[in-house]
Structures are given as structure tokens and as C-alpha cells.
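The structure file protein-v9.txt is reproduced below (compact mmCIF, C-alpha atoms).
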# COMPACT_ATOMS: atom_id res chain seq x y z
CA MET A 1 -13.91 15.42 -2.48
CA PRO A 2 -10.82 13.52 -1.29
CA PRO A 3 -11.06 9.73 -1.17
CA LYS A 4 -12.12 8.09 2.04
CA LYS A 5 -9.23 6.49 3.87
CA LYS A 6 -9.25 2.73 3.59
CA GLN A 7 -8.01 0.77 6.55
CA VAL A 8 -5.46 -1.87 5.63
CA ASP A 9 -6.52 -5.20 7.14
CA ASN A 10 -3.69 -7.70 6.83
CA THR A 11 -5.31 -10.35 9.04
CA ALA A 12 -5.95 -12.87 6.25
CA MET A 13 -2.45 -12.38 4.84
CA ARG A 14 -0.84 -12.82 8.27
CA GLU A 15 -2.85 -16.00 8.84
CA LEU A 16 -1.76 -17.28 5.41
CA LYS A 17 1.92 -16.62 6.18
CA GLN A 18 1.60 -18.31 9.56
CA ALA A 19 -0.11 -21.36 8.06
CA VAL A 20 2.60 -21.64 5.40
CA LYS A 21 5.32 -21.26 8.04
CA GLU A 22 3.77 -24.08 10.08
CA GLY A 23 3.37 -26.24 6.97
CA ALA A 24 -0.40 -26.36 7.33
CA PRO A 25 -2.02 -24.24 4.61
CA LYS A 26 -5.74 -24.48 3.96
CA ARG A 27 -7.20 -26.46 1.09
CA LEU A 28 -8.76 -23.41 -0.57
CA TYR A 29 -7.59 -19.82 -1.15
CA LEU A 30 -8.59 -16.86 -3.27
CA PHE A 31 -5.95 -14.14 -3.85
CA TYR A 32 -6.74 -10.64 -5.11
CA GLY A 33 -5.68 -7.03 -4.64
CA GLU A 34 -3.39 -4.32 -6.01
CA GLU A 35 -0.19 -5.44 -4.33
CA ALA A 36 0.92 -8.06 -6.86
CA PHE A 37 4.44 -8.23 -5.37
CA LEU A 38 3.10 -9.45 -2.02
CA ARG A 39 0.67 -11.82 -3.72
CA ASP A 40 3.37 -13.41 -5.87
CA ASP A 41 5.68 -13.69 -2.87
CA CYS A 42 3.01 -15.48 -0.82
CA LEU A 43 2.16 -17.76 -3.73
CA ALA A 44 5.83 -18.69 -4.08
CA ARG A 45 6.03 -19.49 -0.35
CA LEU A 46 2.86 -21.55 -0.63
CA LYS A 47 4.31 -23.57 -3.52
CA LYS A 48 7.48 -24.21 -1.54
CA ALA A 49 5.49 -25.35 1.50
CA VAL A 50 3.13 -27.64 -0.45
CA LEU A 51 5.39 -29.11 -3.14
CA PRO A 52 8.62 -31.00 -2.40
CA ALA A 53 11.65 -29.78 -4.32
CA GLY A 54 12.09 -31.54 -7.65
CA MET A 55 8.50 -32.76 -7.85
CA GLU A 56 6.81 -29.52 -8.88
CA ASP A 57 6.19 -30.63 -12.47
CA PHE A 58 4.20 -33.63 -11.27
CA ASN A 59 2.15 -32.00 -8.51
CA LEU A 60 1.56 -28.44 -9.74
CA HIS A 61 -1.46 -27.95 -11.99
CA ALA A 62 -2.03 -24.46 -13.40
CA ALA A 63 -4.50 -22.89 -15.81
CA GLN A 64 -5.19 -19.33 -16.84
CA GLY A 65 -8.30 -17.49 -17.96
CA LYS A 66 -10.07 -18.99 -20.92
CA GLU A 67 -7.95 -22.15 -20.75
CA CYS A 68 -9.79 -23.06 -17.58
CA SER A 69 -13.22 -24.61 -17.00
CA VAL A 70 -15.11 -26.32 -14.21
CA ASP A 71 -14.25 -29.65 -15.90
CA TRP A 72 -10.52 -28.78 -15.81
CA ILE A 73 -10.73 -27.79 -12.12
CA GLU A 74 -12.49 -31.07 -11.27
CA GLN A 75 -9.85 -33.13 -13.09
CA ALA A 76 -6.95 -31.19 -11.52
CA VAL A 77 -8.39 -31.57 -8.03
CA ASP A 78 -8.84 -35.32 -8.54
CA CYS A 79 -5.19 -35.84 -9.58
CA LEU A 80 -3.43 -37.77 -6.83
CA PRO A 81 -0.04 -36.51 -5.64
CA MET A 82 3.08 -38.24 -6.91
CA MET A 83 5.85 -38.83 -4.35
CA SER A 84 4.36 -36.01 -2.32
CA GLU A 85 1.70 -35.53 0.33
CA ARG A 86 -0.12 -32.76 -1.53
CA THR A 87 -0.86 -31.19 -4.89
CA LEU A 88 -1.21 -27.50 -5.73
CA VAL A 89 -3.81 -26.25 -8.23
CA VAL A 90 -3.47 -22.59 -9.31
CA VAL A 91 -6.23 -21.00 -11.39
CA THR A 92 -5.52 -17.44 -12.60
CA ASP A 93 -8.09 -14.93 -13.90
CA PHE A 94 -11.00 -17.36 -14.10
CA ASP A 95 -14.11 -15.32 -13.33
CA LEU A 96 -15.96 -17.48 -10.84
CA PHE A 97 -18.97 -15.21 -10.60
CA LYS A 98 -19.78 -15.14 -14.31
CA LEU A 99 -20.39 -18.87 -14.44
CA GLY A 100 -23.83 -20.10 -15.37
CA ASP A 101 -26.07 -21.50 -12.65
CA SER A 102 -25.36 -25.15 -13.47
CA ALA A 103 -21.58 -24.63 -13.68
CA LYS A 104 -21.58 -22.66 -10.44
CA THR A 105 -23.56 -25.41 -8.69
CA ARG A 106 -21.03 -27.99 -9.90
CA LEU A 107 -18.12 -25.87 -8.69
CA ILE A 108 -19.72 -25.41 -5.28
CA GLY A 109 -19.93 -29.18 -5.02
CA ILE A 110 -16.25 -29.56 -5.96
CA LEU A 111 -15.08 -26.92 -3.47
CA SER A 112 -17.24 -28.36 -0.70
CA GLY A 113 -15.51 -31.71 -1.00
CA LEU A 114 -11.87 -30.83 -1.72
CA PRO A 115 -9.61 -33.75 -0.77
CA ASP A 116 -7.10 -33.23 2.03
CA TYR A 117 -4.18 -33.68 -0.36
CA CYS A 118 -5.20 -30.74 -2.58
CA CYS A 119 -4.53 -27.02 -2.15
CA LEU A 120 -6.57 -24.99 -4.65
CA VAL A 121 -5.77 -21.29 -5.24
CA PHE A 122 -7.82 -18.89 -7.34
CA VAL A 123 -5.78 -15.82 -8.33
CA TYR A 124 -7.38 -12.60 -9.57
CA ASP A 125 -4.60 -10.75 -11.40
CA LEU A 126 -5.87 -8.83 -14.43
CA LEU A 127 -9.50 -9.46 -13.51
CA ALA A 128 -11.11 -7.35 -10.81
CA TYR A 129 -12.46 -9.36 -7.89
CA LYS A 130 -16.09 -8.49 -7.25
CA ALA A 131 -18.03 -10.99 -5.18
CA PRO A 132 -21.81 -10.45 -5.39
CA ALA A 133 -23.63 -9.96 -2.12
CA LYS A 134 -25.38 -13.06 -0.74
CA ASP A 135 -23.72 -15.26 -3.36
CA LYS A 136 -23.44 -18.93 -2.32
CA LEU A 137 -20.09 -19.40 -4.04
CA ALA A 138 -18.61 -16.29 -2.40
CA ALA A 139 -19.86 -17.45 0.99
CA LEU A 140 -18.38 -20.91 0.44
CA LEU A 141 -14.96 -19.46 -0.42
CA LYS A 142 -14.88 -17.66 2.93
CA LYS A 143 -16.28 -20.60 4.89
CA GLU A 144 -14.17 -23.41 3.44
CA GLY A 145 -11.05 -21.40 2.65
CA ALA A 146 -9.59 -17.92 2.92
CA VAL A 147 -10.07 -14.85 0.74
CA VAL A 148 -6.84 -12.83 0.92
CA ASN A 149 -6.76 -9.19 -0.16
CA PHE A 150 -3.23 -8.04 -0.96
CA GLN A 151 -3.67 -4.33 -0.33
CA ARG A 152 -1.25 -1.45 -0.65
CA GLN A 153 0.68 -1.29 2.61
CA GLU A 154 0.66 1.40 5.25
CA GLN A 155 3.43 4.02 5.28
CA LYS A 156 5.33 2.65 8.29
CA THR A 157 5.15 -0.93 7.05
CA LEU A 158 6.29 0.04 3.58
CA ALA A 159 9.08 2.34 4.78
CA ALA A 160 10.44 -0.45 6.99
CA TRP A 161 10.28 -2.87 4.03
CA ILE A 162 12.21 -0.40 1.83
CA CYS A 163 14.93 -0.15 4.50
CA ARG A 164 15.17 -3.95 4.65
CA GLN A 165 15.45 -4.23 0.86
CA PHE A 166 18.36 -1.79 0.81
CA GLU A 167 20.01 -3.72 3.67
CA LYS A 168 19.80 -6.90 1.60
CA ALA A 169 21.66 -5.02 -1.16
CA GLY A 170 24.36 -3.97 1.31
CA LYS A 171 23.12 -0.41 1.66
CA SER A 172 21.33 1.66 4.29
CA VAL A 173 18.75 4.42 4.00
CA ASP A 174 17.02 6.82 6.40
CA SER A 175 13.31 6.25 7.01
CA SER A 176 12.61 9.81 5.79
CA ASP A 177 14.40 9.04 2.52
CA ALA A 178 12.42 5.80 2.26
CA GLU A 179 9.27 7.96 2.41
CA TYR A 180 10.74 10.20 -0.29
CA LEU A 181 11.23 7.16 -2.53
CA MET A 182 7.57 6.25 -2.00
CA PHE A 183 6.61 9.76 -3.08
CA LEU A 184 8.93 9.61 -6.09
CA VAL A 185 7.94 6.25 -7.62
CA GLY A 186 4.71 5.28 -5.85
CA ASP A 187 3.78 2.84 -3.12
CA LEU A 188 3.49 -0.41 -5.06
CA MET A 189 6.16 -2.87 -3.93
CA HIS A 190 6.81 -4.19 -7.45
CA ASP A 191 7.76 -0.71 -8.70
CA LEU A 192 9.73 0.05 -5.56
CA SER A 193 11.66 -3.22 -5.76
CA ALA A 194 12.81 -2.48 -9.32
CA GLU A 195 13.94 1.03 -8.40
CA ILE A 196 15.67 -0.10 -5.19
CA GLY A 197 17.82 -2.49 -7.21
CA LYS A 198 18.92 0.27 -9.59
CA ILE A 199 19.54 2.80 -6.82
CA ALA A 200 21.57 0.36 -4.73
CA ALA A 201 23.75 -0.48 -7.73
CA TYR A 202 24.27 3.21 -8.54
CA ALA A 203 24.96 4.58 -5.05
CA SER A 204 28.69 4.93 -4.42
CA GLY A 205 28.37 5.30 -0.66
CA GLN A 206 27.07 2.82 1.88
CA ARG A 207 24.20 5.16 2.75
CA VAL A 208 21.74 5.88 -0.06
CA THR A 209 20.81 9.55 -0.50
CA ARG A 210 17.98 11.38 -2.23
CA ALA A 211 20.48 12.48 -4.84
CA ASP A 212 21.08 8.81 -5.66
CA MET A 213 17.33 8.28 -5.98
CA ASP A 214 16.86 11.34 -8.21
CA ALA A 215 19.74 10.23 -10.42
CA VAL A 216 18.37 6.86 -11.51
CA ALA A 217 14.78 6.34 -10.33
CA ILE A 218 11.99 6.84 -12.84
CA PRO A 219 9.53 9.22 -11.15
CA LYS A 220 5.80 8.83 -11.57
CA VAL A 221 3.86 11.64 -13.26
CA GLU A 222 2.45 12.80 -9.94
CA ALA A 223 5.94 13.41 -8.55
CA ILE A 224 6.96 15.43 -11.62
CA VAL A 225 3.80 17.57 -11.43
CA TYR A 226 4.55 18.17 -7.76
CA GLN A 227 7.97 19.48 -8.82
CA MET A 228 6.23 21.91 -11.17
CA THR A 229 3.74 23.18 -8.64
CA ASP A 230 6.38 23.31 -5.92
CA ALA A 231 8.42 25.55 -8.22
CA MET A 232 5.37 27.82 -8.48
CA ALA A 233 5.13 27.94 -4.69
CA ARG A 234 8.79 29.05 -4.59
CA LYS A 235 8.01 31.66 -7.29
CA ASP A 236 10.39 29.88 -9.68
CA PHE A 237 8.10 30.15 -12.70
CA ASP A 238 10.85 29.40 -15.22
CA LYS A 239 11.45 26.06 -13.48
CA ALA A 240 7.71 25.32 -13.48
CA ALA A 241 7.50 26.03 -17.21
CA SER A 242 10.58 23.87 -17.86
CA VAL A 243 9.08 20.90 -15.99
CA LEU A 244 5.84 21.20 -17.95
CA ALA A 245 7.76 21.39 -21.23
CA ASP A 246 9.68 18.22 -20.30
CA LEU A 247 6.41 16.43 -19.48
CA LEU A 248 4.90 17.38 -22.81
CA HIS A 249 8.11 16.46 -24.65
CA SER A 250 8.01 13.00 -23.03
CA ARG A 251 4.63 12.50 -24.70
CA GLU A 252 2.82 12.17 -21.40
CA ALA A 253 -0.90 12.50 -22.12
CA PRO A 254 -1.97 16.12 -21.52
CA VAL A 255 -5.24 14.95 -19.98
CA MET A 256 -3.23 12.94 -17.45
CA ILE A 257 -1.02 15.93 -16.64
CA LEU A 258 -4.08 18.10 -16.07
CA SER A 259 -5.73 15.40 -13.96
CA VAL A 260 -2.70 15.28 -11.66
CA MET A 261 -2.54 19.09 -11.56
CA GLY A 262 -6.19 19.22 -10.58
CA LYS A 263 -5.65 16.69 -7.80
CA TYR A 264 -2.64 18.62 -6.54
CA PHE A 265 -4.56 21.90 -6.32
CA ARG A 266 -7.48 20.18 -4.58
CA GLN A 267 -5.01 18.85 -2.04
CA LEU A 268 -3.39 22.28 -1.75
CA TYR A 269 -6.80 23.87 -1.18
CA THR A 270 -7.57 21.30 1.52
CA ALA A 271 -4.17 21.91 3.15
CA ARG A 272 -4.86 25.66 3.22
CA LEU A 273 -8.25 25.05 4.83
CA TYR A 274 -6.64 22.78 7.43
CA LEU A 275 -3.96 25.35 8.21
CA ASP A 276 -6.58 28.04 8.70
CA ALA A 277 -8.54 25.70 10.97
CA GLY A 278 -5.45 24.86 13.03
CA LYS A 279 -5.44 21.20 12.04
CA SER A 280 -2.32 19.04 11.79
CA ARG A 281 -0.45 17.47 8.91
CA GLY A 282 -1.47 14.04 10.21
CA GLU A 283 -5.17 14.92 10.00
CA PHE A 284 -4.66 16.25 6.47
CA MET A 285 -2.81 13.10 5.36
CA GLU A 286 -5.46 10.86 6.92
CA LEU A 287 -8.20 12.68 5.00
CA TRP A 288 -6.43 12.10 1.68
CA GLY A 289 -5.16 8.62 2.53
CA MET A 290 -1.53 9.66 1.97
CA LYS A 291 1.30 7.31 2.86
CA SER A 292 4.27 9.58 2.21
CA GLY A 293 5.13 11.99 5.02
CA TYR A 294 7.34 13.81 2.54
CA GLN A 295 4.33 14.51 0.34
CA GLY A 296 2.29 15.73 3.29
CA ASP A 297 5.06 18.07 4.43
CA LYS A 298 5.52 19.52 0.94
CA LEU A 299 1.81 20.22 0.55
CA MET A 300 1.42 21.84 3.95
CA ASP A 301 4.52 23.95 3.32
CA ALA A 302 3.28 25.00 -0.13
CA ALA A 303 -0.16 25.86 1.27
CA ARG A 304 1.45 28.44 3.57
CA ARG A 305 2.64 30.33 0.48
CA PHE A 306 -0.75 30.59 -1.22
CA SER A 307 -3.90 32.39 -0.16
CA LEU A 308 -7.17 30.51 0.25
CA PRO A 309 -8.84 32.47 -2.59
CA TRP A 310 -5.95 31.61 -4.94
CA CYS A 311 -6.19 27.90 -4.08
CA ARG A 312 -9.94 27.98 -4.71
CA TYR A 313 -9.36 29.74 -8.02
CA ALA A 314 -6.71 27.21 -9.12
CA VAL A 315 -9.10 24.31 -8.44
CA ARG A 316 -11.84 25.98 -10.46
CA ARG A 317 -9.57 26.84 -13.38
CA CYS A 318 -8.28 23.25 -13.60
CA ALA A 319 -11.86 22.00 -13.82
CA GLU A 320 -12.72 24.57 -16.50
CA THR A 321 -9.54 23.82 -18.45
CA ASP A 322 -10.43 20.12 -18.47
CA ILE A 323 -13.47 20.93 -20.62
CA VAL A 324 -11.41 23.09 -22.96
CA LEU A 325 -8.63 20.50 -23.22
CA LYS A 326 -10.99 17.76 -24.37
CA SER A 327 -12.16 19.92 -27.27
CA SER A 328 -8.74 21.25 -28.32
CA TYR A 329 -7.26 18.37 -30.30
CA GLY A 330 -3.70 19.14 -31.38
CA GLN A 331 -3.43 22.16 -29.09
CA GLU A 332 -3.36 20.48 -25.70
CA GLY A 333 0.19 21.66 -24.96
CA GLU A 334 -0.76 25.28 -25.58
CA VAL A 335 -3.81 24.93 -23.34
CA LEU A 336 -1.74 23.57 -20.43
CA THR A 337 0.97 26.18 -20.91
CA GLY A 338 -1.69 28.89 -20.90
CA LEU A 339 -3.13 27.57 -17.64
CA LEU A 340 0.31 27.53 -16.02
CA MET A 341 1.01 31.10 -17.14
CA GLU A 342 -2.38 32.23 -15.87
CA LEU A 343 -1.88 30.69 -12.46
CA ALA A 344 1.68 32.03 -12.25
CA SER A 345 0.48 35.50 -13.17
CA GLY A 346 -2.14 35.41 -10.44
CA ARG A 347 0.53 34.24 -7.97
CA ARG A 348 2.91 37.05 -8.94
CA VAL A 349 0.54 39.95 -8.47
CA ALA A 350 -1.19 38.42 -5.44
CA VAL A 351 -4.59 38.84 -7.04
CA THR A 352 -7.52 38.19 -4.67
CA PHE A 353 -9.88 35.86 -6.50
CA SER A 354 -13.51 35.52 -5.52
The structure in this file should be written as C-alpha cells.
Amino acid sequence: MPPKKKQVDNTAMRELKQAVKEGAPKRLYLFYGEEAFLRDDCLARLKKAVLPAGMEDFNLHAAQGKECSVDWIEQAVDCLPMMSERTLVVVTDFDLFKLGDSAKTRLIGILSGLPDYCCLVFVYDLLAYKAPAKDKLAALLKKEGAVVNFQRQEQKTLAAWICRQFEKAGKSVDSSDAEYLMFLVGDLMHDLSAEIGKIAAYASGQRVTRADMDAVAIPKVEAIVYQMTDAMARKDFDKAASVLADLLHSREAPVMILSVMGKYFRQLYTARLYLDAGKSRGEFMELWGMKSGYQGDKLMDAARRFSLPWCRYAVRRCAETDIVLKSSYGQEGEVLTGLLMELASGRRVAVTFS
């Protein structure tokens, strides 16, 4: 089954940005979420708003993971600001909810009485943030401060951001090509930012093209597998085999390649069902939580070239091959090549699979 679409709620992040802009951030924050680029950007803005230039070393207190303790937090919070109105305490990857009862009770007391001069930020980076239901500490964090989830951004928001990043580099890009870049390298802003810098430096013209992106961007595995399956849809089986050979030569894990292939064919099967039911690309993308319009268009177009029975068969064979692959140590490449040849053969002769 495709994943349920998650609504992106940026309310807490917008409130944080507004508070920082007005110079009135809260005393307590907790940052978490996949979008590390946004999180780090907001943390940098918060530091700039709280700490006067040149006095950061005296008023910034930071600890990470095992270096931290409730005692350390208490001492950092109690440190008075030096030649500044406020201090900033940043605690990274300290698992608040694995504390013992006594330590948690002490921390609740500290957070309940944070001095006005202190801004305390808990950052979940490598650790996953999982607040237990009906937990007093979790409730206090929301009541006394703000819990900010830095989520992956929606397609329109991200495409507009990509266009702005190219503008800062003195280049321009079409919104459709911005969506293509999201498809090519993923929708995390950190990855996109690195690729945008390379592409902008490479592009000879003022307007960035897809050819520029293809020339220097490092595509994610999903994008390469889409190239392979798209070649199959165009009946270019030599190209499909060449792409698979390149993937295997790059030492990409065969199980990962098959996983992405399986996901692609499940999406293709869904697209075929939606076409037969007269549903739109937008409805299909919403079901799968897709951000890239380019990806949605390619799947819907490919689905028109395959029969529903073939799509169903491809999904089943990927699942069956997964079992074989995990018991074929040293022969994974041959297993994947065999699957590709089998699917291509079925596509060639237009076999009707039950």
C-alpha cells in the first residue's frame, strides 16, 4: 500500500521565525525533523537574535549527547549573561525521555522555572524524537516552550526555494526544471543546496537547463531506476540493461536496487488503475505523497504503455525476486539481470498475465 500523505504543518516554524524577527524568542524550544537544512538555518538565526556579535563565546553554552546531563543543563541555565541581555543553551541529541524518574522530575523543575535571560534549545539530530503519550515532560515542553518539527517541504514551497537559490547564484531556472531537480536528487534542502551550487557554477548560460543538471548533479538511486524502467516503457531494452549494469558496477546494494524497482512498479500499477478509473495525476500524486510533478507525469505516461495485467505481474515478480535475492549471496547481479530480462520479454510479446 502507498504511504498515507502527511500534511506539512509549518505553524510552529513560522511562529519561531516571526519571534526571532521581532527579537522576542521563547525561553524554551525543541527542534526535530528530517529537514536539517531548515533546522540549522533557524538555529543560526536564533543565535544571531539572542547573542550580540563578538560575545558568543561567553554566552553560548552547548553540549552534545553523552556529554550532557541534568546537572550540566542546570549549571548552564544558571550562568548569567556577560555584556548581553540573554544566554543561549543548545543541547543536541540528549534523549529527554529515557531519563530516570528522579532526573526527569529535576529537569521538569528546571524547565518550569527558566530565567528570562535564558533561551534553552533541545535539538534532536541523530536521535529520533518520540515523545510518549501523556508524558509530563513532553506536555511541559509544549506548554512552556515550542516543539518545532522541521518537515520536508511541499512541492510548491520547495520549487520556489530552488528558484531563489539559483537567483542568489546569478542564475534563473524554470519551475518545471526545479521540479525535475527535486526528482533527480531528492527533496531534502541540504542535498539540493549542494547540487544547486555545483550546477550554477557549471552552467554557461544565465538560464539553467536540465542538461546542466544531468551533467553535474549526483542522482539518487530512485532517479536512476526510473531511467531504467522508463527505458523499458519506451521499449529501449538495451538502455534499461545498460542502466542496471551501471548501477551494479557502482556497487549500489542489489537489495536497494530491487527495493526501488518494487516501489516503482507498485506506483506504475497504481497509475494504471487510476488511468482506468479516469482519475487525475493530482489524485495519484496525493495518494503517494509525491512532491515532484515531473515524477508524476513520467509515471502516468509510462502507465499508458503497459497493460494492467503486466503491471500486476511486475509487482508480484519483484516481491518473489526479493526472497530469491536474499538467499543468492554472490549472485545478486545475475538475479536482477534475470528479472529485467523476464519483464522485458513479457513487455515485448505483450503477454497477458493472470
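Nearest residue to Leu60 in chain A, choosing from A:Gly113, A:Pro81, A:Pro132, A:Gly205 and counting only C-alpha atoms: A:Pro81.
The closest residue to Gly65 in chain A, picked from A:Cys42, A:Cys79, A:Leu30, A:Val90 and counting only C-alpha atoms, is A:Val90.
Closest approach to Leu127 in chain A from the set A:Tyr202, A:Phe37, A:Tyr32, A:Tyr313 is made by A:Tyr32, with distances taken over all atoms listed in the file.
The residue that comes closest to Ile218 in chain A, out of A:Ala169, A:Ile73, A:Leu181, A:Met83 and on the basis of all atoms listed in the file, is A:Leu181.
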Quiz prompt | Å distance separating CA of Ala201 in chain A from CA of Leu158 in chain A, one decimal place | solution = 20.8 Å
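Atom pair CA of Asp177 in chain A / CA of Thr209 in chain A has a distance of 7.1 Å (rounded to one decimal).
Residues in contact with Thr87 in chain A at 8 Å, where only C-alpha atoms are counted and same-chain residues fewer than 6 positions away are skipped, are listed as Val50, Leu51, Asn59, Leu60, His61, Cys79, Leu80, Pro81, Tyr117, Cys118 and Cys119 of chain A.
Shortest atom-to-atom contact with Tyr226 in chain A among A:Leu188, A:Ala302, A:Val91, A:Val324: A:Ala302, counting all atoms listed in the file.
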Practice problem: Rank A:Ala217, A:Leu111, A:Leu140, A:Leu120 by their smallest atom-to-atom distance to Ser193 in chain A, using only C-alpha atoms, and report the top residue only. | Solution: A:Ala217
Practice problem: Using CA of Ala277 in chain A and CA of Lys298 in chain A as the two end points, give the distance in Å to one decimal. | Solution: 18.3 Å
Would you compute an axis-aligned box for range 58-64 of chain A, covering every atom listed for it in the file with 3 Å of margin on each side, and report centre and edge lengths in Å to one decimal as AutoDock Vina command-line options?
--center_x -0.5 --center_y -26.5 --center_z -12.7 --size_x 15.4 --size_y 20.3 --size_z 14.3
Which residues come within 8 Å of Ala200 in chain A, counting only C-alpha atoms, excluding same-chain residues fewer than 4 positions away, as a PDB file with C-alpha atoms, in the frame of the given file?
ATOM      1  CA  PHE A 166      18.360  -1.790   0.810  1.00  0.00           C
ATOM      2  CA  ALA A 169      21.660  -5.020  -1.160  1.00  0.00           C
ATOM      3  CA  GLY A 170      24.360  -3.970   1.310  1.00  0.00           C
ATOM      4  CA  LYS A 171      23.120  -0.410   1.660  1.00  0.00           C
ATOM      5  CA  ILE A 196      15.670  -0.100  -5.190  1.00  0.00           C
ATOM      6  CA  VAL A 208      21.740   5.880  -0.060  1.00  0.00           C
TER       7      VAL A 208
END
